[in-house]
Amino acid sequence: MSKNLQVTIDKDSGFCFGVVYAIDMAEEILEEEGQLYCLGDIVHNDEEVARLKAKGLQIISHEDLPGLQNAKVLIRAHGEAPETYRTALENNITLIDASCPVVLKLQNRIKTSHDNKEKILIFGKHGHAEVIGLKGQTNDEALVFQDIAELDDVELPHSFTLYSQTTKSVDKFYAIKEELINRGHEVKANDTICRQVSNRYEDLLHFAQEYDRIVFVSGKKSSNGKVLYDVCKSANPNSYFVSDVSELDAAVFQSNESVGICGATSTPMWLMKDVKASIEAL
């Protein structure tokens with residue numbers, strides 16, 4: 001017997017404009033040429049990566065890049081460090097630069113700060129593609145931290161400039177700034193957080209409260225997905241994280257419930273629609 005579930009997809013969820021731009025660019029080239037290299041996963045979503053691989057996208061690593069000659073390589077929305085551009089120039093590699101404009105603006109600001117001999121701290125996830133590109137603007141001299149506790153035993157300069165990965169929480173960024181000032185530092189804070197992403201925190205809080213259950217769809221590698229899922233969970237304890245339809249557990253849904261589906265900035269709409277169809281079929 002059908003559970004008669006009322007399922008709604010959050011209209012504000014899904015790809016941010018930076019990801020849309022990168023994927024549109026990749027699909028255009030793949031349609032014309034049938035093959036394109038991409039430096040790292042084009043988006044932190046395995047299902048979307050698999051869809052584009054089937055069209056001819058080949059994911060390569062930074063270690064692979066120096067071995068390429070006369071090729072076309074896509075730079076994804078996360079952006080790249082200067083070293084990547086130097087390698088491309090030496091190897092006659094054509095870079096298709098799909099770096100997000102928000103990330104590029106941040107890279108330029110950090111480079112200017114570094115050129116002005118400012119000490120730089122970056123609030124961001126260790127090893128994240130965007131953060132590697134940001135740190136690269138400083139000859140890898142910037143100090144990256146993802147939690148203020150990491151700075152407890154670090155001897156920081158008296159004055160420095162504070163930046164943030166574009167997808168971090170605005171509230172957390174300003175709380176960190178205040179804490180560092182309270183510790184006696186002179187902090188010049190540059191708020192470069194993408195508002196298209198940060199506005200989703202509040203939107204999701206409201207969305208998650210409107211339904212009996214929430215199904216949050218995201219790739220496990222997405223740091224933005226982890227943050228947004230926590231937002232849902234805080235607003236609605238009946239929130240579940242899935243990467244694809246195979247992870248849905250029919251047993252958690254009760255008859256006649258309302259279910260809200262939402263996702264990360266790296267979650268494709270087609271995947272959320274697949275999840276919706278699977279839930280409706282229960």
# chains A, B, ... in the order shown; residues from 1 in each chain; ligands from 1

call {"tool": "residues_around", "arguments": {"residues": "Ile181 of chain A", "least_positions_apart": "6", "cutoff": "10 Å", "atoms": "only C-alpha atoms", "output": "PyMOL selection string"}}
result
chain A and resi 158-159+175+187-188

call {"tool": "write_last_selection", "arguments": {"atoms": "C-alpha atoms", "output": "compact mmCIF listing (two decimals), in the first residue's frame"}}
result
# COMPACT_ATOMS: atom_id res chain seq x y z
CA HIS A 158 50.20 41.11 16.54
CA SER A 159 48.41 42.34 13.41
CA ALA A 175 32.75 35.27 15.88
CA VAL A 187 42.59 42.14 12.91
CA LYS A 188 41.77 43.49 9.47

call {"tool": "residues_around", "arguments": {"residues": "Glu63 of chain A", "least_positions_apart": "5", "cutoff": "12 Å", "atoms": "only C-alpha atoms", "output": "list in words"}}
result
Leu39, Gly40, Leu68, Thr84 and Thr87 of chain A

call {"tool": "write_last_selection", "arguments": {"atoms": "C-alpha atoms", "output": "PDB file, in the first residue's frame"}}
result
ATOM      1  CA  LEU A  39      41.636  19.309 -12.973  1.00  0.00           C
ATOM      2  CA  GLY A  40      40.012  17.568  -9.989  1.00  0.00           C
ATOM      3  CA  LEU A  68      50.165  16.706 -20.507  1.00  0.00           C
ATOM      4  CA  THR A  84      48.829  25.642 -12.260  1.00  0.00           C
ATOM      5  CA  THR A  87      52.647  24.670 -15.690  1.00  0.00           C
TER       6      THR A  87
END

call {"tool": "atom_distance", "arguments": {"atom1": "atom CA of Ser278 of chain A", "atom2": "atom CA of Ser246 of chain A"}}
result
9.4 Å

call {"tool": "closest_atom_pairs", "arguments": {"of": "segment 159-278 of chain A", "to": "segment 141-153 of chain A", "cutoff": "12 Å", "atoms": "only C-alpha atoms", "output": "CSV"}}
result
residue,atom,partner,partner_atom,distance
A:Phe160,CA,A:Ala142,CA,10.3
A:Thr161,CA,A:Ala142,CA,9.9
A:Leu162,CA,A:Leu143,CA,9.7
A:Tyr163,CA,A:Val144,CA,9.5
A:Ser164,CA,A:Val144,CA,9.3
A:Gln165,CA,A:Gln146,CA,9.7
A:Lys168,CA,A:Gln146,CA,9.6
A:Ser169,CA,A:Gln146,CA,11.4
A:Lys172,CA,A:Asp147,CA,9.6
A:Phe173,CA,A:Ile148,CA,10.0
A:Tyr174,CA,A:Ile148,CA,11.7
A:Ala175,CA,A:Ile148,CA,9.7
A:Ile176,CA,A:Ile148,CA,6.7
A:Lys177,CA,A:Ile148,CA,9.8
A:Glu178,CA,A:Ile148,CA,11.2
A:Glu179,CA,A:Ile148,CA,8.6
A:Leu180,CA,A:Ile148,CA,8.7
A:Arg183,CA,A:Asp152,CA,10.1
A:Ser223,CA,A:Gln146,CA,11.4

call {"tool": "residues_around", "arguments": {"residues": "Val227 of chain A", "least_positions_apart": "4", "cutoff": "12 Å", "atoms": "only C-alpha atoms", "output": "PyMOL selection string"}}
result
chain A and resi 125+167-169+172+197-198+200-201+204+216+218+220-223+231-234+241+263-265

call {"tool": "select_by_dssp", "arguments": {"residues": "segment 104-168 of chain A", "states": "alpha helix (DSSP H)", "output": "ChimeraX atom specification"}}
result
/A:104-115,129-136

call {"tool": "closest_residue", "arguments": {"among": "A:Val217, A:Ile96, A:Ala77, A:Val43", "to": "Gly133 of chain A", "atoms": "only C-alpha atoms"}}
result
A:Ala77
